[in-house]
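Each remark here refers to the structure printed beneath this line.
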Amino acid sequence: MVQATPVLLVLFLALGAPSLAAKKCILSGRWVNDLGSNMTIEAVNENGDFAGSYHTAVTATTNEIKVSPLQGSMQKSRNQKGQPTFGFTVNWSFSDSITVFTGQCFVDNSGKEVLRTMWLLRSRVENIGSDWKATRVGTNIFTRLQLQE
Ligand code: BTN
């Protein structure tokens, strides 16, 4: 007679055990934020470096919005536990400004990946007397862009 316990154990290991491993948050892919901006992050290399592109939905200028390049870095320490910290810079191709983002890639309570970020947008000003008003600060929440079927 086949014993139930080993059979169940095999079934558990084959089906159940892998899903018990905590889901990791992966930076690569397409993301959309709470402003409707779209971002693509290409592959993250072995040093944690990555490149990508950013299509902002809004601008502080009157210029026509264009897709802009981004360069970033992800923390690779063993402490990250599948929810890594990262930073990236967007060098706007249609304005004189630069934005730096910093944040963490989380898996939320429903298992969905989310990027919680803060940013600093530095605008160019004409002279040092205007430096005080040159930097905006804010937050953005990114969720993975779902492909339409
Ligand atoms: C500019 O206006 O000079 C460049 C575009 C800035 C867009 C900002 S960056 C922070 C915030 N998050 C976005 O997705 N867009 C705005």
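Lettering and numbering for the structure tokens are positional, with chains as A, B, ... in the shown order, residues counted from 1 in each chain, and ligands counted from 1 in the shown order.
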If you count only C-alpha atoms and all ligand atoms, which residues end up within 10 Å of ligand 1, as a ChimeraX atom specification? /A:32-39,54-68,89-101,117-124,136-142
Just checking: using only C-alpha atoms, which residue out of A:Gln80, A:Thr143, A:Ser28, A:Thr135 ends up closest to A:Asp108? A:Thr143
Residue with smallest distance to A:Lys23 - pool A:Gly72, A:Gly103, A:Gly82, A:Gly129, counting only C-alpha atoms: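 Checking each of A:Gly72, A:Gly103, A:Gly82, A:Gly129 against A:Lys23, counting only C-alpha atoms, the winner is A:Gly82.
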Looking only at the backbone, which of the residues in stretch 14-88 of chain A does DSSP tag as alpha helix (DSSP H), as a PyMOL selection string? chain A and resi 17-20
